[in-house]
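Accompanying notes for the structure given below.
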Amino acid sequence: MNLLMTEMRRALHRRAVRVLIAIALVGCVFAGVIAFFGSAGKTLAQLRLAEDSPAVMSNWWIADDHVGVLSVGMFFLFLGGFFAGATVAGGEWRAGTITTVLTWEPRRLRLHGARLASGAVLAFVISFGLQVLFLACFVPAVVFSGTTEGVDGSFWLNLAVAAARTSVITAAAAVLAMSLATAARNTAFAVIAMFAWIVVVEGLIRALKPSLSSWLWGETVTTVMGWSRLDTVELARSPLLSAVTLAVYLAVIVGATAISFQRRDIAAGS
Amino acid sequence: MANVIEIEGLRKSYRRRGGTTVAVDGLDLTVPEGGVYGFLGPNGSGKTTTIRCVLGLARPTNGVIRLFGRPVPEGLRDAVRRTGAIVETPALFPTMTARENLRLLASVDRIGLRRVDDVLAIVGLADRADDLVKRYSLGMKQRLGLAAALLKDPALLMLDEPANGLDPAGMREVRQLLRQLADDGRTVFVSSHILAEIESTCDRVAILAKGRLVTHGTVEEVISTASHRASILVKVDDLDLGMWALRDAHFVTERVNGELRVDIPPERAGDVTRVLAAAGQWVTELRPDRFSLEDVFLELTSASDVSQAQLEEVGA
C-alpha cells in the first residue's frame, strides 16, 4: 500500500498530468458556459428538438441508444489517460529516477505492479471525477433553461454505469501506455506505436480484411463503451466478449512488458 | 569481521553490434564491515557495472554476489534496506523540491519525516530544501543524492563517484562526511577515479583495470605492492651534467620535471651528493621520492597485462 501511495504521489507530480487535468477542467467549464448561454431564452420544446442539448438532463445519457452528452468527453478521456500514462512511465526513464527507486524497492515486479495499479486507480478516479464535473457544469443550464423531466433512479444508475465504464477504459488506456513506455523506456514510443497501430494498421486491416474488424482495438473499445453490439461490423461481438477481449489484449501486453522489465539491465541512459 | 559485500568470479558482458563488450571479467572482491573502501579504476574499468550488479540493477553474466551474506538478486529485498546508494549522477524528480523528493523516498520505507530534515542538515542543504531540484547545481544534486542514500540510516553506503561536480570545498566536506560515517560504524564503499579523494579518506582500496581486479588491500599495502624503486629527487644547476656524472658512477638516473630521480634508498643520499660535488654540481635540493596512490594507480592500470582488444571485443 505504501508503494502504491508513493507511486500515486509521484504520478500526480508529473507536470504533464497536471497540465492535462487543467486542460480538462477548463474544457468542462467552457462547455458549461456554452451550454448555459446556448440554452438561454429557448423554450423547452426547442431544447427537446435539439435532442442533444445538455439543458435537458435526460440527454446526459440515453441508455437505450447508448449515447448522450457524456459521450462527448469519452474520446478525450481515453486520449488523456493514454498520454498521461505514457508520460508518467516514460519520464521515469528519461530522468533516470527508475535507478533511484530500484535501490529502494529492488523487487521489480512488485514495483511495476504498484506503478501500473497506481496509474489505473488515478486514471479511473480522475476520469470519473472529470465526468462528474463535466456534467455538473451543465446544471446551471438545466436549472435556468432546461428540465429534469424523465430523470429517475434508473437514469442515474445508467449514467453512473456509463461513466464508470468510461473510467475503466481510461484506466486501461493508462495502463497500456505505461506498459508500452516501460518496454521502450520512453514516452514517444508508446504514443507513436499506439497511433501507428490504431490509425495505420487497424485502418489497413479494416479495409483489406473486414472480417477481422471485430478483433480490432477500435471496434472492441467502441463496443465496450456503448455496451452494445456494433451493427456496422462483420461478426460483431457482444459487449461482454469485447470486454474480455480487451482484458486479454491488455493482460498480454502488461505481462510481456513486466517480464521485459524484470529481466532488463537498468543501465545509464537505458 | 563480517563481510558486507562478497563478489566471486563476477563477469558482465554486453552484446553489441559486431561483438560482445566485457565490462567486468572474473572479479573477486570482498569488502569487510566498517571503514571506507575505495573502489578505484579509470573510466570504463567496470566500477559502475560492478556496483549495478551488486545492487541488482544489472544481471551478472557469471559469478556470485552476496550483500550482507544474502545472495543477489534473491536476497536483495532485505539487504537493500540496510544499503544506501548513489549510482552515477543522483537521479531525483526535477519538478519536486529536495524535501518532497526525500519525503517520497522515505514513504517507501516508512521513514519518519524528521529523518528527512536530519539528512538535509547533514549534507548542508537545509536552507535550500524547498527549492526545486531542477534549480540545483550538480554539486547540490550530489549532496541531495547523498542525503537520499543516508535516509535509511544504512549500514552500508555505496557511492559511485560521489565527488562528481563538487568544488574543492565540497569535495573536502564529502570526504569528511564519509570519514565520519565510517567512524560511526558504517561501511562506506566509494568508487572514484579521483585519487586524492580516496587516498586521504579510505582505509582499504581495490584497483580495477579493464574489468579486472589489479590489486587490493589497505592503502599502505597497495602502495607497497607497486614495483616502485626507492629513489631520491635531486636538483642541481646543470641537470645534464649532473645526470651524466651520476650515470658514470653507475647510478640509475633519469630527468623528471626539472629534477633528477636517482634510484637509490634515501639513506644513501650522501653517495649522490659526493658524486655531484666531485663533478662540480652543488645540490640545491634533495628529497626522497615518495610514491602516492596515484603513482601506483597509474602504474598498475597502465601496465595491466590485460589486452584491451581481448576484453572489449570478445567474439567480434
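Chain labels A, B, ... are given in the sequence in which chains occur in the C-alpha cells; within each chain residues are numbered consecutively from 1, and ligands are likewise numbered from 1 in the order shown.
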
Find the residues in chain B near chain A: any atom within 10 Å counts, using only C-alpha atoms. Write them as a count of residues only. 49

If you count only C-alpha atoms, which residues fall within 9 Å of Leu156 in chain B, apart from same-chain ones fewer than 2 positions away, as a list in words?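 Skipping anything fewer than 2 positions along the chain leaves Val4, Glu33, Gly34, Arg82, Thr83, Gly84, Ala85, Asp153, Pro154, Met158, Arg186, Thr187, Val188 and Phe189 of chain B.
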
Can I get the selected residues back with N, CA and C atoms, as an mmCIF file, in the first residue's frame?
data_model
loop_
_atom_site.group_PDB
_atom_site.id
_atom_site.type_symbol
_atom_site.label_atom_id
_atom_site.label_comp_id
_atom_site.auth_asym_id
_atom_site.auth_seq_id
_atom_site.Cartn_x
_atom_site.Cartn_y
_atom_site.Cartn_z
ATOM 1 N N VAL B 4 30.553 -7.376 4.186
ATOM 2 C CA VAL B 4 29.260 -6.840 3.742
ATOM 3 C C VAL B 4 29.033 -7.115 2.254
ATOM 4 N N GLU B 33 33.321 -5.370 6.875
ATOM 5 C CA GLU B 33 32.446 -4.432 7.575
ATOM 6 C C GLU B 33 33.270 -3.300 8.185
ATOM 7 N N GLY B 34 32.768 -2.092 8.071
ATOM 8 C CA GLY B 34 33.405 -0.927 8.700
ATOM 9 C C GLY B 34 34.456 -0.285 7.822
ATOM 10 N N ARG B 82 19.345 -2.117 4.235
ATOM 11 C CA ARG B 82 20.497 -1.689 5.033
ATOM 12 C C ARG B 82 21.536 -1.002 4.151
ATOM 13 N N THR B 83 21.138 -0.709 2.914
ATOM 14 C CA THR B 83 22.094 -0.141 1.964
ATOM 15 C C THR B 83 21.575 1.174 1.382
ATOM 16 N N GLY B 84 22.387 2.201 1.475
ATOM 17 C CA GLY B 84 22.064 3.449 0.794
ATOM 18 C C GLY B 84 22.993 3.571 -0.397
ATOM 19 N N ALA B 85 22.468 4.021 -1.519
ATOM 20 C CA ALA B 85 23.317 4.013 -2.716
ATOM 21 C C ALA B 85 23.102 5.225 -3.605
ATOM 22 N N ASP B 153 19.436 5.404 7.105
ATOM 23 C CA ASP B 153 20.430 5.203 8.158
ATOM 24 C C ASP B 153 21.148 3.876 7.903
ATOM 25 N N PRO B 154 21.743 3.749 6.712
ATOM 26 C CA PRO B 154 22.200 2.433 6.258
ATOM 27 C C PRO B 154 23.492 1.976 6.932
ATOM 28 N N MET B 158 26.860 2.756 -0.629
ATOM 29 C CA MET B 158 27.574 2.501 -1.891
ATOM 30 C C MET B 158 27.473 3.767 -2.728
ATOM 31 N N ARG B 186 29.684 2.655 10.100
ATOM 32 C CA ARG B 186 29.126 2.222 8.812
ATOM 33 C C ARG B 186 30.253 1.745 7.888
ATOM 34 N N THR B 187 29.841 1.016 6.863
ATOM 35 C CA THR B 187 30.787 0.668 5.805
ATOM 36 C C THR B 187 30.498 1.598 4.637
ATOM 37 N N VAL B 188 31.523 2.278 4.166
ATOM 38 C CA VAL B 188 31.331 3.176 3.024
ATOM 39 C C VAL B 188 32.135 2.615 1.855
ATOM 40 N N PHE B 189 31.426 2.242 0.808
ATOM 41 C CA PHE B 189 32.063 1.709 -0.399
ATOM 42 C C PHE B 189 31.966 2.805 -1.448
#

Phe82 in chain A: which residues within 6 Å, counting only C-alpha atoms, same-chain residues fewer than 2 positions away excluded, as a PyMOL selection string? chain A and resi 79-80+84-85+173-174+177

Among the residues of range 25-243 of chain B, find those DSSP assigns to strand (DSSP E or B) from the backbone and print them as JSON, numbers by chain. {"B": [25, 26, 27, 28, 29, 30, 31, 32, 35, 36, 37, 38, 39, 40, 62, 63, 64, 65, 66, 67, 70, 71, 83, 84, 85, 86, 97, 132, 156, 157, 158, 159, 160, 187, 188, 189, 190, 191, 192, 204, 205, 206, 207, 208, 209, 212, 213, 214, 215, 216, 217, 218, 232, 233, 234, 235]}

Using the selection just defined, write its residues with C-alpha atoms as a short mmCIF file (atom, residue, chain, number, x, y, z; two decimals), in the first residue's frame.
data_model
loop_
_atom_site.label_atom_id
_atom_site.label_comp_id
_atom_site.auth_asym_id
_atom_site.auth_seq_id
_atom_site.Cartn_x
_atom_site.Cartn_y
_atom_site.Cartn_z
CA ASP B 25 35.85 -10.00 -16.19
CA GLY B 26 36.18 -12.51 -13.35
CA LEU B 27 36.15 -10.06 -10.46
CA ASP B 28 36.70 -11.39 -6.94
CA LEU B 29 36.23 -8.84 -4.19
CA THR B 30 35.48 -8.87 -0.50
CA VAL B 31 34.52 -5.74 1.38
CA PRO B 32 34.79 -6.12 5.15
CA GLY B 35 35.67 1.74 7.27
CA VAL B 36 35.86 3.42 3.90
CA TYR B 37 36.58 1.10 0.98
CA GLY B 38 37.81 2.79 -2.16
CA PHE B 39 36.95 1.21 -5.47
CA LEU B 40 39.37 2.69 -7.98
CA ASN B 62 28.50 -15.15 -14.43
CA GLY B 63 29.56 -15.12 -10.83
CA VAL B 64 28.13 -14.88 -7.37
CA ILE B 65 27.37 -11.75 -5.35
CA ARG B 66 26.36 -11.61 -1.72
CA LEU B 67 25.28 -8.46 0.06
CA ARG B 70 22.46 -12.70 1.15
CA PRO B 71 22.63 -13.73 -2.49
CA THR B 83 22.09 -0.14 1.96
CA GLY B 84 22.06 3.45 0.79
CA ALA B 85 23.32 4.01 -2.72
CA ILE B 86 24.12 6.58 -5.35
CA THR B 97 11.73 20.17 -4.11
CA LEU B 132 13.06 22.70 -6.91
CA LEU B 156 26.42 0.19 4.01
CA LEU B 157 26.74 3.20 1.75
CA MET B 158 27.57 2.50 -1.89
CA LEU B 159 28.59 5.71 -3.59
CA ASP B 160 29.54 5.86 -7.22
CA THR B 187 30.79 0.67 5.81
CA VAL B 188 31.33 3.18 3.02
CA PHE B 189 32.06 1.71 -0.40
CA VAL B 190 33.07 4.53 -2.70
CA SER B 191 34.11 4.34 -6.32
CA SER B 192 36.23 7.06 -7.76
CA ARG B 204 41.23 -0.06 2.09
CA VAL B 205 41.22 0.15 -1.68
CA ALA B 206 40.78 -2.09 -4.69
CA ILE B 207 42.07 -1.08 -8.11
CA LEU B 208 40.21 -2.22 -11.18
CA ALA B 209 41.53 -2.04 -14.72
CA ARG B 212 39.74 -6.99 -13.67
CA LEU B 213 40.99 -6.53 -10.14
CA VAL B 214 44.60 -5.40 -10.28
CA THR B 215 45.31 -5.10 -6.58
CA HIS B 216 43.57 -4.56 -3.26
CA GLY B 217 44.34 -4.11 0.41
CA THR B 218 45.00 -1.25 2.80
CA ILE B 232 65.50 10.36 -4.34
CA LEU B 233 64.93 13.59 -6.24
CA VAL B 234 67.86 15.96 -6.65
CA LYS B 235 68.12 19.47 -8.04
#
